[in-house]
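So this one's entry_15.tsv, TSV, C-alpha atoms:
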chain	number	residue	atom	x	y	z
A	948	MET	CA	162.19	41.09	0.73
A	949	ALA	CA	160.23	37.84	0.85
A	950	ARG	CA	158.00	36.93	-2.05
A	951	GLN	CA	154.25	37.11	-1.40
A	952	PRO	CA	152.54	33.74	-1.23
A	953	ALA	CA	150.91	32.72	-4.49
A	954	LEU	CA	147.24	33.39	-5.06
A	955	VAL	CA	145.87	29.90	-5.69
A	956	VAL	CA	142.52	29.58	-7.47
A	957	ALA	CA	140.93	26.14	-7.62
A	958	LEU	CA	138.49	25.12	-10.32
A	959	LEU	CA	136.06	22.46	-9.19
A	960	GLY	CA	133.06	21.06	-10.94
A	961	ALA	CA	131.41	18.01	-12.38
A	962	GLU	CA	132.81	16.38	-15.48
A	963	SER	CA	132.44	18.27	-18.74
A	964	THR	CA	131.97	21.69	-17.17
A	965	GLY	CA	134.92	23.39	-18.81
A	966	LYS	CA	137.45	23.32	-15.98
A	967	THR	CA	140.52	22.64	-18.11
A	968	THR	CA	139.67	25.24	-20.73
A	969	LEU	CA	138.90	27.81	-18.05
A	970	ALA	CA	142.06	27.03	-16.06
A	971	CYS	CA	144.28	27.70	-19.09
A	972	ALA	CA	142.46	30.89	-20.06
A	973	LEU	CA	142.31	32.24	-16.51
A	974	ALA	CA	146.02	31.74	-15.86
A	975	GLU	CA	146.86	33.44	-19.16
A	976	GLN	CA	144.56	36.37	-18.43
A	977	LEU	CA	145.90	36.84	-14.88
A	978	ALA	CA	149.44	37.01	-16.26
A	979	GLN	CA	148.38	39.57	-18.88
A	980	GLU	CA	146.44	41.75	-16.47
A	981	THR	CA	149.00	41.78	-13.68
A	982	GLY	CA	152.31	41.33	-15.45
A	983	GLN	CA	153.18	38.66	-12.89
A	984	SER	CA	153.89	34.99	-13.37
A	985	ALA	CA	150.87	32.72	-13.60
A	986	THR	CA	150.45	29.07	-14.39
A	987	TRP	CA	147.81	26.39	-14.33
A	988	VAL	CA	148.15	22.95	-12.80
A	989	PRO	CA	146.63	20.17	-14.91
A	990	GLU	CA	144.49	17.44	-13.42
A	991	VAL	CA	146.67	14.57	-12.22
A	992	LEU	CA	143.81	12.08	-12.64
A	993	ARG	CA	143.53	12.78	-16.37
A	994	GLN	CA	147.21	12.09	-16.90
A	995	TRP	CA	147.07	9.03	-14.65
A	996	CYS	CA	144.13	7.51	-16.58
A	997	GLU	CA	145.86	8.13	-19.91
A	998	THR	CA	149.04	6.45	-18.69
A	999	ALA	CA	147.39	3.54	-16.85
A	1000	GLY	CA	144.67	3.01	-19.44
A	1001	ARG	CA	142.05	2.66	-16.71
A	1002	THR	CA	140.37	4.52	-13.89
A	1003	PRO	CA	141.89	4.24	-10.41
A	1004	ARG	CA	140.79	1.87	-7.69
A	1005	VAL	CA	139.65	2.99	-4.26
A	1006	ASP	CA	143.09	2.26	-2.78
A	1007	GLU	CA	144.70	4.64	-5.30
A	1008	GLN	CA	142.58	7.70	-4.50
A	1009	LEU	CA	144.69	9.19	-1.70
A	1010	ALA	CA	147.91	9.00	-3.71
A	1011	LEU	CA	146.21	10.81	-6.60
A	1012	ALA	CA	144.91	13.53	-4.27
A	1013	GLN	CA	148.35	13.94	-2.72
A	1014	ALA	CA	150.01	14.13	-6.14
A	1015	GLN	CA	147.57	16.86	-7.19
A	1016	HIS	CA	148.43	18.97	-4.16
A	1017	ALA	CA	152.15	18.35	-4.53
A	1018	ARG	CA	151.94	19.82	-8.04
A	1019	ILE	CA	149.93	22.78	-6.74
A	1020	ALA	CA	152.54	23.45	-4.03
A	1021	GLN	CA	155.36	23.19	-6.56
A	1022	ALA	CA	153.66	25.70	-8.86
A	1023	ALA	CA	152.92	28.05	-5.95
A	1024	ALA	CA	156.58	28.10	-4.99
A	1025	SER	CA	157.54	29.81	-8.25
A	1026	HIS	CA	154.49	31.75	-9.48
A	1027	ALA	CA	152.41	34.67	-8.26
A	1028	PHE	CA	149.18	33.04	-9.50
A	1029	VAL	CA	148.28	29.38	-9.71
A	1030	VAL	CA	145.06	28.12	-11.26
A	1031	CYS	CA	144.31	24.50	-10.41
A	1032	ASP	CA	142.33	22.28	-12.74
A	1033	THR	CA	140.87	20.49	-9.68
A	1034	THR	CA	142.04	19.65	-6.18
A	1035	ALA	CA	141.77	16.75	-3.77
A	1036	LEU	CA	138.15	17.71	-3.10
A	1037	MET	CA	137.22	16.37	-6.52
A	1038	THR	CA	139.00	13.11	-5.76
A	1039	ALA	CA	137.20	12.86	-2.42
A	1040	VAL	CA	133.81	13.50	-4.00
A	1041	TYR	CA	134.31	10.89	-6.71
A	1042	SER	CA	135.69	8.43	-4.16
A	1043	ARG	CA	132.52	8.88	-2.13
A	1044	LEU	CA	130.14	8.68	-5.08
A	1045	ILE	CA	131.82	5.80	-6.93
A	1046	PHE	CA	133.18	3.69	-4.08
A	1047	GLY	CA	131.12	4.81	-1.10
A	1048	ASP	CA	134.46	5.72	0.52
A	1049	ARG	CA	134.85	8.86	2.62
A	1050	SER	CA	138.28	8.01	4.02
A	1051	ILE	CA	140.13	10.83	2.22
A	1052	GLU	CA	137.58	13.61	2.75
A	1053	ALA	CA	139.18	15.07	5.90
A	1054	TRP	CA	142.61	15.12	4.25
A	1055	ALA	CA	141.15	16.62	1.06
A	1056	VAL	CA	139.35	19.39	2.94
A	1057	GLN	CA	142.53	20.25	4.85
A	1058	ALA	CA	144.60	20.35	1.66
A	1059	HIS	CA	141.97	22.35	-0.21
A	1060	ALA	CA	141.73	24.90	2.61
A	1061	ARG	CA	145.11	26.25	1.44
A	1062	VAL	CA	143.64	27.65	-1.79
A	1063	SER	CA	142.65	31.30	-1.90
A	1064	LEU	CA	139.38	30.88	-3.78
A	1065	THR	CA	137.37	28.10	-5.34
A	1066	LEU	CA	135.48	28.59	-8.57
A	1067	LEU	CA	132.69	26.04	-8.90
A	1068	THR	CA	131.77	25.57	-12.54
A	1069	ALA	CA	128.10	25.72	-13.44
A	1070	LEU	CA	126.31	22.87	-15.19
A	1071	ASP	CA	125.53	25.03	-18.23
A	1072	LEU	CA	127.80	23.54	-20.89
A	1073	PRO	CA	126.87	20.61	-23.13
A	1074	TRP	CA	128.22	17.29	-21.87
A	1075	VAL	CA	131.06	15.94	-24.02
A	1076	PRO	CA	132.53	12.41	-23.76
A	1077	ASP	CA	136.22	12.40	-22.86
A	1078	GLY	CA	137.65	8.92	-22.60
A	1079	LEU	CA	137.99	7.13	-19.27
A	1080	GLN	CA	137.07	10.13	-17.16
A	1081	ARG	CA	133.48	10.58	-18.27
A	1082	ASP	CA	130.61	8.71	-16.65
A	1083	GLY	CA	127.79	10.63	-18.34
A	1084	PRO	CA	125.64	13.69	-17.81
A	1085	HIS	CA	123.64	11.88	-15.11
A	1086	VAL	CA	126.56	12.25	-12.65
A	1087	GLN	CA	126.89	16.00	-13.01
A	1088	GLN	CA	124.19	17.00	-10.53
A	1089	PRO	CA	125.22	14.55	-7.78
A	1090	VAL	CA	128.85	15.68	-8.11
A	1091	ASP	CA	127.84	19.34	-8.03
A	1092	ASP	CA	125.65	18.75	-4.96
A	1093	ALA	CA	128.45	16.93	-3.14
A	1094	LEU	CA	130.98	19.66	-3.93
A	1095	GLN	CA	128.65	22.41	-2.73
A	1096	ALA	CA	127.95	20.49	0.47
A	1097	LEU	CA	131.67	20.06	1.24
A	1098	LEU	CA	132.50	23.68	0.46
A	1099	GLN	CA	129.65	24.96	2.61
A	1100	ALA	CA	130.18	22.52	5.48
A	1101	HIS	CA	133.80	23.60	5.82
A	1102	ALA	CA	133.27	27.32	5.11
A	1103	LEU	CA	135.65	27.24	2.16
A	1104	PRO	CA	135.35	30.40	0.02
A	1105	TRP	CA	133.76	29.70	-3.36
A	1106	VAL	CA	131.97	31.38	-6.22
A	1107	ARG	CA	129.84	29.75	-8.93
A	1108	VAL	CA	131.01	30.60	-12.46
A	1109	GLY	CA	129.03	29.98	-15.60
A	1110	GLY	CA	128.41	31.27	-19.07
A	1111	GLN	CA	129.37	30.28	-22.57
A	1112	GLY	CA	132.76	31.02	-24.11
A	1113	PRO	CA	134.29	34.36	-23.08
A	1114	ALA	CA	131.46	34.98	-20.59
A	1115	ARG	CA	132.72	32.09	-18.45
A	1116	LEU	CA	136.22	33.59	-18.33
A	1117	GLN	CA	134.78	37.01	-17.48
A	1118	ALA	CA	132.75	35.48	-14.61
A	1119	ALA	CA	135.92	33.84	-13.27
A	1120	LEU	CA	137.89	37.07	-13.55
A	1121	ALA	CA	135.13	38.98	-11.77
A	1122	ALA	CA	135.40	36.54	-8.87
A	1123	VAL	CA	139.20	36.67	-8.71
A	1124	ARG	CA	139.85	40.39	-9.25
A	1125	PRO	CA	138.87	41.45	-5.69
A	1126	LEU	CA	141.72	39.26	-4.42
A	1127	LEU	CA	144.28	41.01	-6.64
A	1128	SER	CA	144.38	44.26	-4.71

Could you quickly redo this structure as structure tokens?
Amino acid sequence: MARQPALVVALLGAESTGKTTLACALAEQLAQETGQSATWVPEVLRQWCETAGRTPRVDEQLALAQAQHARIAQAAASHAFVVCDTTALMTAVYSRLIFGDRSIEAWAVQAHARVSLTLLTALDLPWVPDGLQRDGPHVQQPVDDALQALLQAHALPWVRVGGQGPARLQAALAAVRPLLS
């Protein structure tokens, strides 16, 4: 009997909105609740910036987006649940906002369309600096607006999740649970 395709949940949101923390907690909780394998896929950009010691140029955006989705596909091949700490949509949004470049948007939308559900993190957590990846709280609203616009324009299923601490995890679980049955 063939294995069911993985349920892939993408976490998108502006910087400093708790995506990484939520991705780890959500994957752990899905494994506990279902007894099936679950994992989370870290953000490629974070690792890239730490290794390179800089932020990427416009000509490096597509490769980063492709690397993110390659890791998602690899995780989906061996787990029942995959929680992604971002997808190519984030790369496309930042590429547009920082460089004025929309060249990877179509590819990013197509790649993102393979996820089962997108959780868009609310702007309700305090902004925290985090090395090369943080521009400041002033970019949160424009990033959030651009993400919402892309999700809506392409009819990609998404749910806003917010709350402090355990409430944020519970909001994410409430959004994902209907897909478990």

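Neighbouring residues of Leu1070 (chain A) at 8 Å or closer, counting only C-alpha atoms and skipping chain neighbours under 2 positions away, are Ala961, Thr964, Thr1068, Leu1072, Gln1087, Gln1088 and Gly1109 of chain A.
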
Practice item. Would you please work out which residue, of A:Ser1050, A:Gln979, A:Gln951, A:Thr968, is nearest to Arg1115 (chain A) when using all atoms listed in the file? Key: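 Nearest to Arg1115 (chain A): A:Thr968.
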
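Counting only C-alpha atoms, Ala1022 (chain A) has the following residues at most 8 Å away, ignoring those fewer than 4 positions along the same chain: Thr986, Val988, Arg1018, His1026 and Val1029 of chain A.
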
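Comparing A:Thr1038, A:Thr1065, A:Gln1099, A:Ser1025 by their smallest distance to Gln983 (chain A), the closest is A:Ser1025 (using all atoms listed in the file).
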
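Proximity to Arg1061 (chain A) at 10 Å, evaluated using all atoms listed in the file and with sequence-adjacent residues fewer than 3 positions away removed, yields Leu954, Val955, Val956, Ala957, His1016, Ala1020, Val1056, Gln1057, Ala1058, Leu1064 and Leu1103 of chain A.
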
Point to revise | Contacts of Ala972 (chain A) at 10 Å (all atoms listed in the file; same-chain gap of 6+ positions) as a list in words | key: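 Listing them by chain and then by number gives Lys966, Thr986, Trp987, Val1030, Pro1113, Arg1115, Leu1116 and Ala1119 of chain A.
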
Review point. With all atoms listed in the file as the basis for distance, which of A:Ala1027, A:Val1106, A:Leu1094, A:Cys996 is at the shortest distance from Pro952 (chain A)?
Key: A:Ala1027

**Study point:** Counting all atoms listed in the file, the residue of A:Val1062, A:Val1005, A:Leu977, A:Ala1024 that sits nearest Tyr1041 (chain A)
**Key:**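 Answer, going by the shortest atom-to-atom distance: A:Val1005.
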
Check your understanding: Of the residues A:Arg1124, A:Arg1001, A:Arg1049, A:Arg993, which is the one nearest to Thr1033 (chain A), using all atoms listed in the file?
Key ->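 When distances to Thr1033 (chain A) are compared using all atoms listed in the file, the smallest one comes from A:Arg993.
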
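What separates CA of Asp1092 (chain A) from CA of Leu1036 (chain A) is a distance of 12.7 Å.
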
Given 6 Å of margin on each side, can you work out the centre and size in Å (one decimal) of an axis-aligned box holding every listed atom of region 1061-1079 of chain A, as lines of an AutoDock Vina configuration file?
center_x = 135.3
center_y = 19.2
center_z = -11.3
size_x = 31.6
size_y = 36.2
size_z = 37.5

Review point. Pick from A:Ser984, A:Gln976, A:Ser1042, A:Gln1015: nearest to Ala1121 (chain A), with all atoms listed in the file counted?
Key: A:Gln976

Practice item. Would you mind reading off the distance between CA of Gly1083 (chain A) and CA of Leu1009 (chain A), one decimal, in Å? Key: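 For CA of Gly1083 (chain A) relative to CA of Leu1009 (chain A), the distance reads 23.8 Å.
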
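Our summary of the geometry notes that CA of Leu1120 (chain A) is positioned 25.8 Å from CA of Val1040 (chain A).
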